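Trainee: This is target05.cif, which holds mmCIF, C-alpha atoms:
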data_structure
#
loop_
_atom_site.group_PDB
_atom_site.id
_atom_site.type_symbol
_atom_site.label_atom_id
_atom_site.label_comp_id
_atom_site.auth_asym_id
_atom_site.auth_seq_id
_atom_site.Cartn_x
_atom_site.Cartn_y
_atom_site.Cartn_z
ATOM 1 C CA MET A 194 -8.258 9.677 1.309
ATOM 2 C CA THR A 195 -11.726 8.882 2.728
ATOM 3 C CA VAL A 196 -14.214 7.718 0.099
ATOM 4 C CA PRO A 197 -17.383 5.586 -0.167
ATOM 5 C CA SER A 198 -15.478 3.232 -2.527
ATOM 6 C CA VAL A 199 -12.496 3.547 -4.840
ATOM 7 C CA THR A 200 -11.021 1.829 -7.898
ATOM 8 C CA PHE A 201 -7.487 2.296 -9.226
ATOM 9 C CA ASP A 202 -7.198 0.818 -12.734
ATOM 10 C CA ASN A 203 -4.094 0.893 -14.960
ATOM 11 C CA CYS A 204 -2.250 3.275 -12.647
ATOM 12 C CA SER A 205 1.504 3.588 -12.638
ATOM 13 C CA PHE A 206 4.353 5.401 -10.976
ATOM 14 C CA GLU A 207 7.399 4.988 -13.180
ATOM 15 C CA ASN A 208 10.555 6.088 -11.387
ATOM 16 C CA GLY A 209 11.336 8.290 -8.454
ATOM 17 C CA GLU A 210 11.848 8.770 -4.770
ATOM 18 C CA ILE A 211 9.530 9.536 -1.868
ATOM 19 C CA SER A 212 11.272 10.574 1.325
ATOM 20 C CA MET A 213 9.189 11.809 4.230
ATOM 21 C CA THR A 214 9.866 12.640 7.849
ATOM 22 C CA GLY A 215 7.950 14.635 10.396
ATOM 23 C CA PRO A 216 6.343 14.543 13.802
ATOM 24 C CA ASP A 217 2.942 13.285 12.602
ATOM 25 C CA LEU A 218 3.848 11.147 9.581
ATOM 26 C CA TYR A 219 2.077 7.792 9.725
ATOM 27 C CA THR A 220 1.715 6.143 6.290
ATOM 28 C CA ILE A 221 3.514 6.375 2.931
ATOM 29 C CA GLY A 222 2.542 4.729 -0.362
ATOM 30 C CA GLY A 223 3.651 4.859 -3.984
ATOM 31 C CA LEU A 224 0.185 5.920 -5.217
ATOM 32 C CA VAL A 225 -1.613 7.033 -2.050
ATOM 33 C CA GLY A 226 -0.702 7.183 1.642
ATOM 34 C CA TYR A 227 -3.948 6.061 3.317
ATOM 35 C CA ILE A 228 -7.321 4.858 2.029
ATOM 36 C CA LEU A 229 -10.482 4.537 4.136
ATOM 37 C CA SER A 230 -13.495 3.186 2.265
ATOM 38 C CA THR A 231 -16.628 3.858 4.280
ATOM 39 C CA THR A 232 -19.294 1.866 2.409
ATOM 40 C CA GLY A 233 -17.845 0.167 -0.673
ATOM 41 C CA ASP A 234 -15.016 -1.908 -2.056
ATOM 42 C CA VAL A 235 -11.406 -0.875 -2.630
ATOM 43 C CA THR A 236 -9.967 -2.199 -5.900
ATOM 44 C CA PHE A 237 -6.501 -1.997 -7.445
ATOM 45 C CA SER A 238 -6.272 -3.517 -10.942
ATOM 46 C CA SER A 239 -3.288 -3.601 -13.326
ATOM 47 C CA CYS A 240 -1.280 -1.052 -11.348
ATOM 48 C CA GLU A 241 2.498 -0.864 -11.637
ATOM 49 C CA ILE A 242 5.075 0.769 -9.410
ATOM 50 C CA GLY A 243 8.354 1.109 -11.281
ATOM 51 C CA SER A 244 11.741 1.772 -9.760
ATOM 52 C CA LEU A 245 10.753 3.674 -6.627
ATOM 53 C CA ASN A 246 12.633 4.334 -3.388
ATOM 54 C CA ILE A 247 10.368 5.095 -0.430
ATOM 55 C CA SER A 248 11.869 6.120 2.906
ATOM 56 C CA GLY A 249 10.261 7.267 6.132
ATOM 57 C CA GLY A 250 11.388 8.636 9.471
ATOM 58 C CA SER A 251 10.977 7.333 12.998
ATOM 59 C CA LYS A 252 7.213 8.103 13.131
ATOM 60 C CA THR A 253 6.376 6.123 9.982
ATOM 61 C CA LYS A 254 4.118 3.178 10.862
ATOM 62 C CA PHE A 255 3.143 1.726 7.448
ATOM 63 C CA ILE A 256 4.866 1.781 4.032
ATOM 64 C CA GLY A 257 3.558 0.118 0.865
ATOM 65 C CA GLY A 258 4.323 0.142 -2.838
ATOM 66 C CA LEU A 259 0.712 0.995 -3.764
ATOM 67 C CA THR A 260 -0.629 2.390 -0.484
ATOM 68 C CA GLY A 261 0.674 2.810 3.037
ATOM 69 C CA SER A 262 -2.550 1.634 4.685
ATOM 70 C CA ILE A 263 -5.855 0.447 3.240
ATOM 71 C CA GLU A 264 -9.103 -0.013 5.155
ATOM 72 C CA ALA A 265 -12.532 -1.131 3.935
ATOM 73 C CA LEU A 266 -14.921 -0.865 6.860
ATOM 74 C CA SER A 267 -17.598 -3.278 5.676
ATOM 75 C CA ASN A 268 -16.593 -4.523 2.249
ATOM 76 C CA ASN A 269 -13.773 -6.046 0.219
ATOM 77 C CA ILE A 270 -10.245 -5.148 -0.784
ATOM 78 C CA SER A 271 -9.221 -6.585 -4.167
ATOM 79 C CA ILE A 272 -5.729 -6.253 -5.647
ATOM 80 C CA SER A 273 -5.086 -7.958 -8.988
ATOM 81 C CA GLU A 274 -2.469 -7.919 -11.744
ATOM 82 C CA CYS A 275 -0.311 -5.398 -9.833
ATOM 83 C CA THR A 276 3.481 -5.185 -9.765
ATOM 84 C CA SER A 277 5.793 -3.290 -7.445
ATOM 85 C CA ASN A 278 9.491 -2.605 -7.857
ATOM 86 C CA ALA A 279 9.668 -0.339 -4.801
ATOM 87 C CA THR A 280 12.462 -0.420 -2.244
ATOM 88 C CA MET A 281 11.195 0.741 1.144
ATOM 89 C CA THR A 282 13.019 1.735 4.322
ATOM 90 C CA THR A 283 12.156 3.475 7.583
ATOM 91 C CA ASP A 284 13.867 4.548 10.777
ATOM 92 C CA ASN A 285 11.056 2.907 12.790
ATOM 93 C CA ALA A 286 12.017 -0.693 13.631
ATOM 94 C CA ASP A 287 8.348 -1.491 14.410
ATOM 95 C CA ALA A 288 6.972 -0.258 11.083
ATOM 96 C CA SER A 289 5.077 -2.605 8.789
ATOM 97 C CA ILE A 290 6.202 -2.770 5.146
ATOM 98 C CA GLY A 291 4.475 -4.558 2.250
ATOM 99 C CA PHE A 292 5.093 -4.512 -1.489
ATOM 100 C CA LEU A 293 1.392 -3.753 -2.085
ATOM 101 C CA ALA A 294 0.373 -2.173 1.239
ATOM 102 C CA GLY A 295 1.909 -1.605 4.634
ATOM 103 C CA ALA A 296 -1.349 -2.576 6.366
ATOM 104 C CA GLY A 297 -4.823 -3.833 5.461
ATOM 105 C CA TYR A 298 -7.817 -3.686 7.783
ATOM 106 C CA PRO A 299 -10.965 -5.112 6.222
ATOM 107 C CA VAL A 300 -14.104 -6.273 7.925
ATOM 108 C CA ALA A 301 -14.858 -8.544 4.954
ATOM 109 C CA LYS A 302 -11.898 -9.965 3.002
ATOM 110 C CA ILE A 303 -8.742 -9.160 1.062
ATOM 111 C CA THR A 304 -8.173 -10.870 -2.290
ATOM 112 C CA ILE A 305 -4.758 -10.714 -3.979
ATOM 113 C CA ASP A 306 -4.497 -12.243 -7.443
ATOM 114 C CA ASN A 307 -1.495 -12.476 -9.763
ATOM 115 C CA CYS A 308 0.602 -9.718 -8.177
ATOM 116 C CA ASN A 309 4.414 -9.593 -8.137
ATOM 117 C CA ASP A 310 7.139 -8.024 -6.042
ATOM 118 C CA VAL A 311 9.974 -7.528 -8.510
ATOM 119 C CA SER A 312 12.191 -5.508 -6.153
ATOM 120 C CA GLY A 313 13.982 -8.628 -4.936
ATOM 121 C CA ASN A 314 13.414 -7.609 -1.305
ATOM 122 C CA ARG A 315 10.820 -10.318 -0.594
ATOM 123 C CA TYR A 316 8.325 -8.117 1.211
ATOM 124 C CA LYS A 317 5.024 -9.670 2.233
ATOM 125 C CA ALA A 318 2.170 -8.550 -0.042
ATOM 126 C CA ILE A 319 0.533 -6.723 2.866
ATOM 127 C CA GLY A 320 2.825 -6.101 5.794
ATOM 128 C CA ASN A 321 0.257 -6.098 8.607
ATOM 129 C CA MET A 322 -3.074 -7.682 7.742
ATOM 130 C CA ASN A 323 -5.849 -7.813 10.358
#
Have the structure of the file written as structure tokens, please.

Mentor:
Amino acid sequence: MTVPSVTFDNCSFENGEISMTGPDLYTIGGLVGYILSTTGDVTFSSCEIGSLNISGGSKTKFIGGLTGSIEALSNNISISECTSNATMTTDNADASIGFLAGAGYPVAKITIDNCNDVSGNRYKAIGNMN
């Protein structure tokens, strides 16, 4: 998804399974695989990922409960009041996994406020944050 800016508010994914493999697969997320915001902020507010199993093959680089990878070229990423109960696995030992996002690449800043990983797997909030 490439957008000027995007807001996810009161989104949820209740229960299910996402299993993806393939030669070009790169990112997997519970709500969206990849977000690129070209001019504005990216905001997740009050989003909940229920019991979700996400699995990827050997080409998977980033896996996240909300989004596989999130990038705001010149603005902010804000994630607040979000909960993830996702269990994530991949065949790629070098993949980055996070209960909110597999990777975050902002030019400005990332703010995470009052979010919880309830899966019991103790993932970092954002697996690879640059």

Trainee: Mind pulling up the distance from CA of Arg315 (chain A) to CA of Cys204 (chain A)?

Mentor: 22.4 Å

Trainee: Neighbours of Thr220 (chain A) within 6 Å (all atoms listed in the file; same-chain residues fewer than 6 positions away dropped), as a PDB file with C-alpha atoms, in the frame of the given file?

Mentor:
ATOM      1  CA  GLY A 226      -0.702   7.183   1.642  1.00  0.00           C
ATOM      2  CA  THR A 253       6.376   6.123   9.982  1.00  0.00           C
ATOM      3  CA  LYS A 254       4.118   3.178  10.862  1.00  0.00           C
ATOM      4  CA  PHE A 255       3.143   1.726   7.448  1.00  0.00           C
ATOM      5  CA  ILE A 256       4.866   1.781   4.032  1.00  0.00           C
ATOM      6  CA  GLY A 261       0.674   2.810   3.037  1.00  0.00           C
TER       7      GLY A 261
END

Trainee: Tell me which protein, DNA and RNA residues are within 12 Å of Asn314 (chain A), counting all atoms listed in the file, leaving out same-chain ones fewer than 2 positions away, and put them as a list in words.

Mentor: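 Listing them by chain and then by number gives Ser277, Asn278, Ala279, Thr280, Met281, Thr282, Ile290, Gly291, Phe292, Asn309, Asp310, Val311, Ser312, Tyr316, Lys317 and Ala318 of chain A.
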
Trainee: Take the residues from that selection and write them out as a short mmCIF file (atom, residue, chain, number, x, y, z; two decimals), in the coordinates of the input, keeping C-alpha atoms.

Mentor:
data_model
loop_
_atom_site.label_atom_id
_atom_site.label_comp_id
_atom_site.auth_asym_id
_atom_site.auth_seq_id
_atom_site.Cartn_x
_atom_site.Cartn_y
_atom_site.Cartn_z
CA SER A 277 5.79 -3.29 -7.44
CA ASN A 278 9.49 -2.60 -7.86
CA ALA A 279 9.67 -0.34 -4.80
CA THR A 280 12.46 -0.42 -2.24
CA MET A 281 11.20 0.74 1.14
CA THR A 282 13.02 1.74 4.32
CA ILE A 290 6.20 -2.77 5.15
CA GLY A 291 4.47 -4.56 2.25
CA PHE A 292 5.09 -4.51 -1.49
CA ASN A 309 4.41 -9.59 -8.14
CA ASP A 310 7.14 -8.02 -6.04
CA VAL A 311 9.97 -7.53 -8.51
CA SER A 312 12.19 -5.51 -6.15
CA TYR A 316 8.32 -8.12 1.21
CA LYS A 317 5.02 -9.67 2.23
CA ALA A 318 2.17 -8.55 -0.04
#

Trainee: Need to verify the contact set: Ser230 (chain A), 10 Å, all atoms listed in the file, exclusion of same-chain residues closer than 3 positions in sequence. Can you return it as a list in words?

Mentor: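 Those residues are Met194, Thr195, Val196, Pro197, Ser198, Val199, Gly233, Asp234, Val235, Ile263, Glu264, Ala265, Leu266, Ser267, Asn268, Asn269, Ile270 and Pro299 of chain A.
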
Trainee: Please tabulate, as a tab-separated table, the residues of region 209-228 of chain A that come within 10 Å of region 236-242 of chain A, each with its closest pair of atoms and the distance in Å to one decimal, counting all atoms listed in the file and ordering rows by chain, then residue number upward.

Mentor:
residue	atom	partner	partner_atom	distance
A:Gly209	CA	A:Ile242	CA	9.8
A:Gly223	CA	A:Ile242	CA	6.9
A:Leu224	CA	A:Ile242	CA	8.2

Trainee: What would region 240-254 of chain A look like with N, CA and C atoms restored, written as a PDB file, in the coordinates of the input?

Mentor:
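Saved as out_22.pdb:
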ATOM      1  N   CYS A 240      -2.089  -2.198 -11.759  1.00  0.00           N
ATOM      2  CA  CYS A 240      -1.280  -1.052 -11.348  1.00  0.00           C
ATOM      3  C   CYS A 240       0.182  -1.463 -11.270  1.00  0.00           C
ATOM      4  N   GLU A 241       1.077  -0.549 -11.614  1.00  0.00           N
ATOM      5  CA  GLU A 241       2.498  -0.864 -11.637  1.00  0.00           C
ATOM      6  C   GLU A 241       3.298   0.248 -10.977  1.00  0.00           C
ATOM      7  N   ILE A 242       4.129  -0.148 -10.042  1.00  0.00           N
ATOM      8  CA  ILE A 242       5.075   0.769  -9.410  1.00  0.00           C
ATOM      9  C   ILE A 242       6.442   0.415  -9.962  1.00  0.00           C
ATOM     10  N   GLY A 243       7.046   1.343 -10.687  1.00  0.00           N
ATOM     11  CA  GLY A 243       8.354   1.109 -11.281  1.00  0.00           C
ATOM     12  C   GLY A 243       9.454   1.233 -10.248  1.00  0.00           C
ATOM     13  N   SER A 244      10.604   1.625 -10.663  1.00  0.00           N
ATOM     14  CA  SER A 244      11.741   1.772  -9.760  1.00  0.00           C
ATOM     15  C   SER A 244      11.476   2.955  -8.833  1.00  0.00           C
ATOM     16  N   LEU A 245      11.142   2.651  -7.587  1.00  0.00           N
ATOM     17  CA  LEU A 245      10.753   3.674  -6.627  1.00  0.00           C
ATOM     18  C   LEU A 245      11.436   3.408  -5.297  1.00  0.00           C
ATOM     19  N   ASN A 246      12.050   4.421  -4.732  1.00  0.00           N
ATOM     20  CA  ASN A 246      12.633   4.334  -3.388  1.00  0.00           C
ATOM     21  C   ASN A 246      11.740   5.124  -2.445  1.00  0.00           C
ATOM     22  N   ILE A 247      11.218   4.446  -1.423  1.00  0.00           N
ATOM     23  CA  ILE A 247      10.368   5.095  -0.430  1.00  0.00           C
ATOM     24  C   ILE A 247      11.076   5.008   0.915  1.00  0.00           C
ATOM     25  N   SER A 248      11.243   6.149   1.584  1.00  0.00           N
ATOM     26  CA  SER A 248      11.869   6.120   2.906  1.00  0.00           C
ATOM     27  C   SER A 248      11.085   7.004   3.863  1.00  0.00           C
ATOM     28  N   GLY A 249      10.996   6.532   5.118  1.00  0.00           N
ATOM     29  CA  GLY A 249      10.261   7.267   6.132  1.00  0.00           C
ATOM     30  C   GLY A 249      11.080   7.418   7.393  1.00  0.00           C
ATOM     31  N   GLY A 250      10.684   8.364   8.220  1.00  0.00           N
ATOM     32  CA  GLY A 250      11.388   8.636   9.471  1.00  0.00           C
ATOM     33  C   GLY A 250      10.909   7.759  10.615  1.00  0.00           C
ATOM     34  N   SER A 251      11.242   8.146  11.815  1.00  0.00           N
ATOM     35  CA  SER A 251      10.977   7.333  12.998  1.00  0.00           C
ATOM     36  C   SER A 251       9.496   7.249  13.356  1.00  0.00           C
ATOM     37  N   LYS A 252       8.654   8.131  12.845  1.00  0.00           N
ATOM     38  CA  LYS A 252       7.213   8.103  13.131  1.00  0.00           C
ATOM     39  C   LYS A 252       6.424   7.311  12.095  1.00  0.00           C
ATOM     40  N   THR A 253       7.068   6.866  11.030  1.00  0.00           N
ATOM     41  CA  THR A 253       6.376   6.123   9.982  1.00  0.00           C
ATOM     42  C   THR A 253       5.949   4.763  10.510  1.00  0.00           C
ATOM     43  N   LYS A 254       4.647   4.446  10.368  1.00  0.00           N
ATOM     44  CA  LYS A 254       4.118   3.178  10.862  1.00  0.00           C
ATOM     45  C   LYS A 254       3.922   2.162   9.736  1.00  0.00           C
TER      46      LYS A 254
END
